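Okay, structure10.tsv now, which holds TSV, C-alpha atoms (C1' of nucleotides):
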```tsv
chain	number	residue	atom	x	y	z
K	950	MET	CA	98.44	56.77	105.73
K	951	ARG	CA	99.95	60.16	105.04
K	952	THR	CA	97.96	63.25	105.72
K	953	ALA	CA	97.62	66.15	103.35
K	954	PRO	CA	100.36	68.71	104.00
K	955	MET	CA	98.15	71.75	103.46
K	956	CYS	CA	98.18	73.59	106.74
K	957	PHE	CA	95.84	76.52	106.50
K	958	SER	CA	92.24	76.62	107.42
K	959	ILE	CA	90.05	79.67	107.15
K	960	PHE	CA	86.89	80.08	109.12
K	961	ARG	CA	84.50	82.86	109.98
K	962	VAL	CA	86.32	85.48	112.04
K	963	PRO	CA	84.59	86.96	115.07
K	964	ARG	CA	83.99	90.66	115.64
K	965	CYS	CA	87.16	92.29	116.83
K	966	ARG	CA	87.68	94.31	119.91
K	967	ILE	CA	88.46	97.99	119.69
K	968	HIS	CA	92.02	99.05	120.37
K	969	THR	CA	93.98	101.91	118.99
K	970	LEU	CA	96.90	101.25	116.72
K	971	THR	CA	99.01	103.23	119.13
K	972	ASN	CA	98.20	100.70	121.79
K	973	PHE	CA	99.07	97.92	119.43
K	974	TRP	CA	102.38	99.46	118.43
K	975	GLU	CA	103.33	100.22	122.05
K	976	SER	CA	102.48	96.66	123.03
K	977	PHE	CA	104.45	95.39	120.06
K	978	HIS	CA	107.49	97.36	121.10
K	979	SER	CA	107.13	96.51	124.77
K	980	LEU	CA	107.85	92.93	123.77
K	981	GLY	CA	111.17	94.15	122.44
K	982	ARG	CA	111.97	95.70	125.77
K	983	ASP	CA	110.80	92.82	127.88
K	984	TYR	CA	111.29	89.52	126.18
K	985	GLY	CA	115.00	89.16	126.83
K	986	ASN	CA	115.93	85.63	125.90
K	987	THR	CA	112.41	84.33	126.03
K	988	LEU	CA	110.14	83.98	123.06
K	989	GLN	CA	106.91	85.82	123.73
K	990	PHE	CA	105.47	85.44	120.33
K	991	ARG	CA	102.21	84.21	121.84
K	992	MET	CA	101.36	87.82	122.58
K	993	LEU	CA	101.57	88.69	118.93
K	994	SER	CA	99.32	85.86	117.97
K	995	SER	CA	97.10	86.33	120.94
K	996	LYS	CA	93.45	85.53	121.11
K	997	SER	CA	90.94	88.12	120.05
K	998	SER	CA	91.00	89.52	123.56
K	999	GLY	CA	94.67	90.37	123.18
K	1000	ILE	CA	96.46	92.72	120.85
K	1001	GLU	CA	93.94	93.41	118.20
K	1002	GLY	CA	92.54	96.16	116.10
K	1003	GLY	CA	93.85	99.67	115.82
K	1004	TYR	CA	90.93	101.43	114.34
K	1005	SER	CA	89.18	104.65	115.02
K	1006	LYS	CA	85.78	103.10	114.50
K	1007	ARG	CA	84.22	99.81	115.20
K	1008	TRP	CA	84.54	97.36	112.38
K	1009	THR	CA	84.17	93.71	111.68
K	1010	ARG	CA	86.57	91.52	109.81
K	1011	ARG	CA	84.86	90.26	106.72
K	1012	PRO	CA	84.10	86.55	106.95
K	1013	ILE	CA	85.86	84.19	104.63
K	1014	THR	CA	83.84	81.42	103.14
K	1015	THR	CA	86.60	80.05	100.98
K	1016	LYS	CA	87.55	76.52	101.82
K	1017	SER	CA	90.32	74.41	100.46
K	1018	GLU	CA	90.16	70.71	100.97
K	1019	GLY	CA	92.85	68.90	99.12
K	1020	ASN	CA	92.52	69.80	95.50
K	1021	LYS	CA	88.93	70.98	95.86
K	1022	THR	CA	88.73	74.73	96.02
K	1023	THR	CA	85.63	76.87	96.20
K	1024	GLN	CA	85.31	80.60	96.41
K	1025	SER	CA	82.60	82.84	97.67
K	1026	SER	CA	83.53	85.83	95.51
K	1027	LYS	CA	85.00	86.39	92.11
K	1028	PRO	CA	88.75	86.98	92.13
K	1029	SER	CA	88.31	89.75	89.60
K	1030	GLN	CA	86.26	91.68	92.15
K	1031	ILE	CA	88.91	91.45	94.83
K	1032	TYR	CA	91.39	93.48	92.85
K	1033	ASP	CA	89.30	96.62	92.51
K	1034	GLU	CA	87.39	96.47	95.77
K	1035	SER	CA	90.50	96.06	97.89
K	1036	PHE	CA	91.68	99.55	97.09
K	1037	ASN	CA	88.39	101.24	96.33
K	1038	LEU	CA	89.64	101.94	92.86
K	1039	LYS	CA	87.30	104.12	90.92
K	1040	ILE	CA	88.64	103.41	87.50
K	1041	SER	CA	85.84	102.93	85.02
K	1042	ALA	CA	85.80	100.01	82.66
K	1043	SER	CA	86.36	102.34	79.74
K	1044	ASN	CA	89.48	103.73	81.38
K	1045	THR	CA	91.00	100.32	81.96
K	1046	VAL	CA	90.36	99.42	78.37
K	1047	ASN	CA	92.00	102.54	77.05
K	1048	VAL	CA	95.24	102.48	79.03
K	1049	ASN	CA	98.05	100.09	78.24
K	1050	LYS	CA	99.94	97.91	80.74
K	1051	THR	CA	102.69	100.48	81.26
K	1052	GLU	CA	100.15	103.16	82.04
K	1053	ILE	CA	98.33	100.90	84.49
K	1054	ASN	CA	101.62	100.19	86.27
K	1055	GLU	CA	102.27	103.92	86.40
K	1056	ILE	CA	98.82	104.57	87.87
K	1057	GLN	CA	99.40	101.89	90.54
K	1058	ARG	CA	102.88	103.20	91.29
K	1059	THR	CA	101.60	106.75	91.65
K	1060	GLN	CA	98.74	105.67	93.90
K	1061	CYS	CA	101.09	103.80	96.24
K	1062	PHE	CA	103.38	106.79	96.32
K	1063	ASP	CA	100.39	108.96	97.18
K	1064	ILE	CA	99.45	106.68	100.06
K	1065	ARG	CA	102.92	107.00	101.58
K	1066	GLN	CA	102.84	110.75	101.08
K	1067	LYS	CA	99.42	111.05	102.67
K	1068	ILE	CA	100.50	109.01	105.69
K	1069	ALA	CA	103.48	111.29	106.14
K	1070	GLU	CA	101.07	114.23	106.17
K	1071	ASP	CA	98.31	112.58	108.20
K	1072	LYS	CA	99.41	110.09	110.85
K	1073	GLU	CA	95.79	109.04	111.40
K	1074	LEU	CA	95.98	107.17	108.13
K	1075	ALA	CA	98.54	104.86	109.74
K	1076	LYS	CA	95.61	103.35	111.60
K	1077	LEU	CA	94.54	101.75	108.35
K	1078	VAL	CA	97.69	99.66	108.12
K	1079	THR	CA	97.64	95.88	108.48
K	1080	LEU	CA	101.13	94.54	109.14
K	1081	ILE	CA	101.82	91.04	107.88
K	1082	VAL	CA	105.17	89.27	108.16
K	1083	PHE	CA	105.66	86.67	105.45
K	1084	ASP	CA	108.18	84.25	104.04
K	1085	ILE	CA	108.41	81.92	101.09
K	1086	GLU	CA	110.39	78.77	100.47
K	1087	THR	CA	111.31	78.03	96.88
K	1088	THR	CA	113.03	75.45	94.72
K	1089	GLY	CA	115.95	77.84	94.20
K	1090	PHE	CA	117.03	81.44	93.82
K	1091	SER	CA	116.03	82.19	90.24
K	1092	ARG	CA	112.51	83.52	89.98
K	1093	GLU	CA	112.58	82.77	86.27
K	1094	LEU	CA	113.42	79.09	86.66
K	1095	GLU	CA	112.26	78.16	90.14
K	1096	ARG	CA	108.93	78.01	91.98
K	1097	ILE	CA	107.46	78.76	95.36
K	1098	ILE	CA	106.83	75.62	97.42
K	1099	GLU	CA	105.75	77.12	100.75
K	1100	ILE	CA	104.16	80.36	101.93
K	1101	ALA	CA	103.62	81.53	105.50
K	1102	LEU	CA	102.05	84.76	106.74
K	1103	LEU	CA	101.42	86.21	110.16
K	1104	ASP	CA	99.15	89.17	110.86
K	1105	LEU	CA	100.87	91.03	113.70
K	1106	HIS	CA	97.54	92.19	115.09
K	1107	GLY	CA	97.00	88.62	116.15
K	1108	GLY	CA	93.57	87.19	116.78
K	1109	LYS	CA	92.02	84.12	115.30
K	1110	ASN	CA	93.35	83.01	111.94
K	1111	SER	CA	96.29	85.40	112.21
K	1112	MET	CA	98.52	82.70	110.76
K	1113	PHE	CA	98.35	81.39	107.22
K	1114	GLN	CA	100.65	78.75	105.89
K	1115	THR	CA	100.56	76.22	103.12
K	1116	LEU	CA	102.76	74.12	100.93
K	1117	VAL	CA	102.51	74.88	97.22
K	1118	ASN	CA	102.68	72.36	94.39
K	1119	PRO	CA	105.43	73.57	92.01
K	1120	ASP	CA	104.88	70.84	89.40
K	1121	LYS	CA	108.62	70.31	89.29
K	1122	TYR	CA	111.43	68.50	91.04
K	1123	VAL	CA	112.61	70.11	94.29
K	1124	PRO	CA	116.43	70.07	94.11
K	1125	ASN	CA	117.12	71.81	97.42
K	1126	ALA	CA	115.24	69.72	99.98
K	1127	HIS	CA	118.44	69.69	102.02
K	1128	VAL	CA	117.91	73.41	102.67
K	1129	HIS	CA	114.32	73.48	103.94
K	1130	GLY	CA	113.41	69.82	104.29
K	1131	ILE	CA	110.60	70.12	101.76
K	1132	SER	CA	110.90	67.26	99.30
K	1133	THR	CA	109.37	66.68	95.89
K	1134	ASP	CA	107.13	63.99	97.38
K	1135	MET	CA	105.74	66.46	99.91
K	1136	VAL	CA	104.59	69.05	97.39
K	1137	CYS	CA	104.05	67.33	94.05
K	1138	ARG	CA	100.77	65.84	95.18
K	1139	PRO	CA	97.22	66.36	93.96
K	1140	ASP	CA	96.10	67.56	97.39
K	1141	VAL	CA	98.66	70.38	97.53
K	1142	PRO	CA	97.38	73.56	95.83
K	1143	ARG	CA	99.16	75.10	92.87
K	1144	MET	CA	99.77	78.82	92.79
K	1145	GLU	CA	96.86	79.47	90.44
K	1146	GLU	CA	94.57	77.83	92.99
K	1147	LEU	CA	96.21	79.48	95.94
K	1148	ILE	CA	96.34	83.10	94.80
K	1149	PRO	CA	92.57	83.75	94.97
K	1150	ILE	CA	92.51	82.15	98.44
K	1151	LEU	CA	95.49	84.21	99.52
K	1152	LYS	CA	93.90	87.40	98.26
K	1153	GLN	CA	90.71	86.64	100.10
K	1154	TYR	CA	92.59	85.84	103.29
K	1155	ILE	CA	94.44	89.15	103.09
K	1156	LYS	CA	91.21	90.96	102.38
K	1157	SER	CA	89.75	89.46	105.56
K	1158	ARG	CA	92.64	91.00	107.52
K	1159	GLU	CA	92.40	94.46	105.99
K	1160	LYS	CA	90.76	97.44	107.55
K	1161	PRO	CA	88.02	98.94	105.42
K	1162	GLY	CA	89.66	101.24	102.92
K	1163	GLY	CA	93.04	100.38	104.35
K	1164	PHE	CA	96.16	98.76	103.02
K	1165	VAL	CA	98.53	95.97	103.91
K	1166	VAL	CA	102.26	96.13	104.56
K	1167	PHE	CA	104.00	92.80	103.94
K	1168	VAL	CA	107.31	92.44	105.76
K	1169	ALA	CA	110.10	90.06	104.75
K	1170	HIS	CA	113.87	89.85	105.06
K	1171	ASN	CA	115.47	90.70	101.71
K	1172	ALA	CA	111.97	91.31	100.38
K	1173	ARG	CA	113.05	93.75	97.68
K	1174	SER	CA	115.49	91.40	96.01
K	1175	PHE	CA	113.95	88.02	96.64
K	1176	ASP	CA	110.50	87.48	98.14
K	1177	VAL	CA	108.56	90.23	96.38
K	1178	PRO	CA	110.00	89.73	92.87
K	1179	PHE	CA	109.45	85.98	93.32
K	1180	LEU	CA	105.87	86.53	94.40
K	1181	ALA	CA	105.26	89.00	91.60
K	1182	LYS	CA	106.60	86.51	89.08
K	1183	GLU	CA	104.27	83.80	90.36
K	1184	PHE	CA	101.32	86.22	90.15
K	1185	SER	CA	102.35	87.11	86.62
K	1186	ARG	CA	102.51	83.44	85.59
K	1187	CYS	CA	98.97	83.02	86.84
K	1188	CYS	CA	97.81	86.19	85.03
K	1189	GLU	CA	97.06	87.74	88.40
K	1190	LYS	CA	97.98	91.20	89.65
K	1191	ILE	CA	99.23	92.11	93.07
K	1192	PRO	CA	96.55	94.38	94.55
K	1193	PRO	CA	97.66	98.03	94.60
K	1194	ASN	CA	96.95	98.36	98.32
K	1195	TRP	CA	99.68	95.78	99.04
K	1196	LEU	CA	102.91	97.48	100.11
K	1197	PHE	CA	106.14	95.74	101.02
K	1198	LEU	CA	108.81	96.37	103.63
K	1199	ASP	CA	112.32	94.93	103.53
K	1200	THR	CA	113.96	94.41	106.95
K	1201	LEU	CA	117.43	94.06	105.45
K	1202	PRO	CA	117.81	97.84	104.88
K	1203	LEU	CA	116.49	98.41	108.42
K	1204	ALA	CA	119.29	96.20	109.75
K	1205	ARG	CA	121.80	98.07	107.60
K	1206	GLU	CA	120.44	101.33	108.99
K	1207	MET	CA	120.98	100.05	112.53
K	1208	VAL	CA	124.56	99.08	111.71
K	1209	LYS	CA	125.18	102.47	110.12
K	1210	SER	CA	123.85	104.29	113.16
K	1211	GLY	CA	126.11	102.24	115.39
K	1212	GLY	CA	123.20	100.57	117.15
K	1213	LEU	CA	123.95	97.16	115.75
K	1214	LYS	CA	127.43	95.67	115.93
K	1215	LEU	CA	127.39	92.55	113.83
K	1216	THR	CA	130.43	90.71	112.57
K	1217	SER	CA	128.63	87.74	111.08
K	1218	GLY	CA	126.55	89.52	108.47
K	1219	LEU	CA	122.93	90.61	108.42
K	1220	SER	CA	121.21	87.32	107.72
K	1221	LEU	CA	118.11	86.36	109.65
K	1222	GLN	CA	120.11	83.87	111.71
K	1223	ALA	CA	122.86	86.43	112.42
K	1224	LEU	CA	120.21	88.86	113.68
K	1225	ARG	CA	118.63	86.09	115.75
K	1226	GLU	CA	121.95	85.36	117.42
K	1227	TYR	CA	122.69	89.04	117.96
K	1228	TYR	CA	119.36	89.66	119.69
K	1229	GLY	CA	119.66	86.46	121.71
K	1230	ILE	CA	116.49	84.98	120.32
K	1231	PRO	CA	116.33	81.24	120.97
K	1232	SER	CA	116.27	78.98	117.95
K	1233	THR	CA	112.88	77.33	117.65
K	1234	GLY	CA	111.43	75.28	114.85
K	1235	SER	CA	113.20	74.48	111.64
K	1236	ALA	CA	115.29	77.23	110.10
K	1237	HIS	CA	114.31	77.74	106.47
K	1238	ARG	CA	110.77	76.60	107.05
K	1239	ALA	CA	108.47	79.47	106.21
K	1240	MET	CA	106.51	79.84	109.46
K	1241	SER	CA	109.59	79.43	111.65
K	1242	ASP	CA	111.30	82.22	109.77
K	1243	VAL	CA	108.14	84.35	109.93
K	1244	LYS	CA	107.97	84.03	113.72
K	1245	LEU	CA	111.66	84.83	114.00
K	1246	LEU	CA	111.36	87.87	111.74
K	1247	SER	CA	108.41	89.13	113.79
K	1248	LEU	CA	110.64	89.26	116.84
K	1249	ILE	CA	113.50	90.83	114.93
K	1250	LEU	CA	111.15	93.42	113.44
K	1251	GLN	CA	109.96	94.53	116.84
K	1252	ARG	CA	113.55	94.95	117.99
K	1253	LEU	CA	114.62	96.84	114.88
K	1254	THR	CA	111.64	99.20	114.89
K	1255	PHE	CA	112.03	99.80	118.61
K	1256	ASP	CA	115.75	100.51	118.32
K	1257	LEU	CA	115.22	102.73	115.29
K	1258	LYS	CA	112.29	104.44	117.06
K	1259	LEU	CA	110.16	103.87	114.02
K	1260	PRO	CA	106.42	104.52	114.31
K	1261	ILE	CA	104.11	102.85	111.84
K	1262	SER	CA	103.98	105.99	109.72
K	1263	GLY	CA	107.79	105.91	109.52
K	1264	LEU	CA	107.66	102.27	108.63
K	1265	VAL	CA	105.22	102.90	105.80
K	1266	GLN	CA	107.56	105.55	104.44
K	1267	LYS	CA	110.10	102.77	103.89
K	1268	THR	CA	107.73	100.53	101.98
K	1269	PHE	CA	107.66	99.93	98.27
K	1270	ALA	CA	105.07	98.63	95.85
K	1271	ALA	CA	105.49	95.67	93.54
K	1272	SER	CA	105.11	98.10	90.64
K	1273	ASP	CA	108.16	100.00	91.94
K	1274	LEU	CA	110.23	96.93	91.15
K	1275	ASN	CA	108.97	96.89	87.56
K	1276	THR	CA	109.92	100.53	87.19
K	1277	SER	CA	113.45	100.06	88.50
K	1278	LYS	CA	113.92	97.03	86.25
K	1279	LYS	CA	112.99	99.12	83.23
K	1280	LYS	CA	115.40	101.82	84.27
K	1281	SER	CA	118.28	99.43	84.75
K	1282	SER	CA	117.68	97.64	81.48
K	1283	SER	CA	117.29	100.82	79.45
E	992	DG	C1'	118.90	90.22	91.16
E	993	DG	C1'	119.27	94.19	94.00
E	994	DC	C1'	121.77	96.63	97.16
E	995	DC	C1'	125.86	98.36	99.60
E	996	DC	C1'	130.67	99.43	100.17
E	997	DT	C1'	135.08	100.92	98.62
E	998	DC	C1'	141.18	99.69	97.37
E	999	DT	C1'	134.56	103.53	93.47
E	1000	DT	C1'	131.66	105.97	89.95
E	1001	DT	C1'	134.84	104.26	82.84
E	1002	DA	C1'	133.98	98.65	88.66
E	1003	DG	C1'	133.84	94.84	91.11
E	1004	DG	C1'	133.23	92.06	95.10
E	1005	DG	C1'	130.28	90.54	98.82
E	1006	DC	C1'	125.92	89.87	101.14
E	1007	DC	C1'	121.10	88.27	101.32
E	1008	DT	C1'	117.24	85.39	99.86
E	1009	DT	C1'	116.23	79.27	98.61
```
Rewrite the structure from the file as structure tokens, please.
Amino acid sequence: MRTAPMCFSIFRVPRCRIHTLTNFWESFHSLGRDYGNTLQFRMLSSKSSGIEGGYSKRWTRRPITTKSEGNKTTQSSKPSQIYDESFNLKISASNTVNVNKTEINEIQRTQCFDIRQKIAEDKELAKLVTLIVFDIETTGFSRELERIIEIALLDLHGGKNSMFQTLVNPDKYVPNAHVHGISTDMVCRPDVPRMEELIPILKQYIKSREKPGGFVVFVAHNARSFDVPFLAKEFSRCCEKIPPNWLFLDTLPLAREMVKSGGLKLTSGLSLQALREYYGIPSTGSAHRAMSDVKLLSLILQRLTFDLKLPISGLVQKTFAASDLNTSKKKSSS
DNA sequence: GGCCCTCTTTAGGGCCTT
């Protein structure tokens, strides 16, 4: 009998210990100095007594009561509430009715820009950042024609439930199983959630990892050109919006920056695997499976940020919002 | 598709993502 391939489980999260974000970031970078050829990812996904927190005041992760069992999904809160509450938006109902979609995108874009500006001016705000490395597997490269079939996330603060991964039912044939090993039979099943079922769960999971009033930085390799537009397209198909307190960081430009500064001498390109080989990170798990790539990118991120001497505030300065992509698309097509 | 580089910008090729 085959078991359901859905891998995530979300339970009540215990009160977190108090650590400063500085401590977290120093610990994060110390891995880059110390790990050598040994994977020490366990420290990143440590128990609640490990690397955790980064907040100036005591807080408690909000419990998640959402459960997903096969194709049965229940939620403890309305998805429509998540959008506004996550960013403490104070836009009245009448305002949202009166502005058109372009104006809403502009408001979101401006707010994200303001966040990055404010962090540049006030480093204390960097303590409100939740860093999450993520990766998606898809049925192909075209976000118009293809679908997401796997999502994996890792909250770098660690603690319980710091990992989230699930297969996604694309409702279509998977032509590239030879790439990631995910076949049509594995995902086109009634017990594998579709995106429309998964998005509210995903939002709630992210909300449980946020600091109160804070924001989330999602990190992926080639995020600007692939992962984020793909994710945004899936949200759009489901008539969902990416919360405005979600920012995105692409590690590909960071690698280019390292090459440009002479700190990275790569002859085999800037792919995830090329960076893995350069940094001497052992190959573990299946390449092109979402969580394996997430764990690998976590290690590469710590090396890149350490080598570039990037504090979190500097990292946030390099982020972009999903609405930024819409803006650039308009510009290029006009 | 977006970004970067160059034998460039009035362009095109290559890389990166699955």
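Relative to CA of Glu1099 in chain K, CA of Arg1238 in chain K is found at 8.1 Å.
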Could you make a table, as a tab-separated table, of the residues of chain K that have an atom within 7 Å of an atom of chain E, each with its nearest atom pair and distance in Å to one decimal, counting only C-alpha atoms (C1' of nucleotides), in chain and number order?
```
residue	atom	partner	partner_atom	distance
K:Glu1086	CA	E:DT1009	C1'	6.1
K:Thr1087	CA	E:DT1009	C1'	5.4
K:Thr1088	CA	E:DT1009	C1'	6.3
K:Gly1089	CA	E:DT1009	C1'	4.6
K:Phe1090	CA	E:DT1009	C1'	5.3
K:Asn1171	CA	E:DT1008	C1'	5.9
K:Ser1174	CA	E:DG993	C1'	5.1
K:Phe1175	CA	E:DT1008	C1'	5.3
K:Ser1220	CA	E:DC1007	C1'	6.5
```
Work out how far apart CA of Cys1137 in chain K and CA of Ile1098 in chain K are and give it in Å to one decimal.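 A separation of 9.4 Å between them.
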Step by step: start from the point (112.8, 77.5, 86.3) in the file's coordinates, keep every protein, DNA or RNA residue that has an atom no farther than 12 Å from it, count only C-alpha atoms (C1' of nucleotides), and write the set as an MDAnalysis selection string. chainID K and resid 1087:1097 1119:1124 1179 1182:1183 1186
Taken to one decimal, the CA of Met1112 in chain K-CA of Ser1185 in chain K distance is 24.8 Å
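Using only C-alpha atoms, the shortest contact distance between Lys1160 in chain K and any of K:Phe1269, K:Leu1215, K:His1106, K:Thr1233 is found at K:His1106.
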Given 4 Å of margin on each side, can you work out the centre and size in Å (one decimal) of an axis-aligned box holding every listed atom of range 994-1008 of chain E, as JSON?
```
{"center_x": 129.2, "center_y": 95.7, "center_z": 92.1, "size_x": 31.9, "size_y": 28.6, "size_z": 26.5}
```
Could you check which of K:Phe1113, K:Leu1198, K:Leu1147, K:Ala1236 is closest to Val1177 in chain K, using all atoms listed in the file?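 Under the stated criterion, the closest residue is K:Leu1198.
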What's around Lys1214 in chain K at 12 Å? Count only C-alpha atoms (C1' of nucleotides), leave out sequence neighbours fewer than 4 positions away in its own chain, and write the answer as a PyMOL selection string. chain K and resi 1204-1210+1218-1219+1223-1224+1226-1228
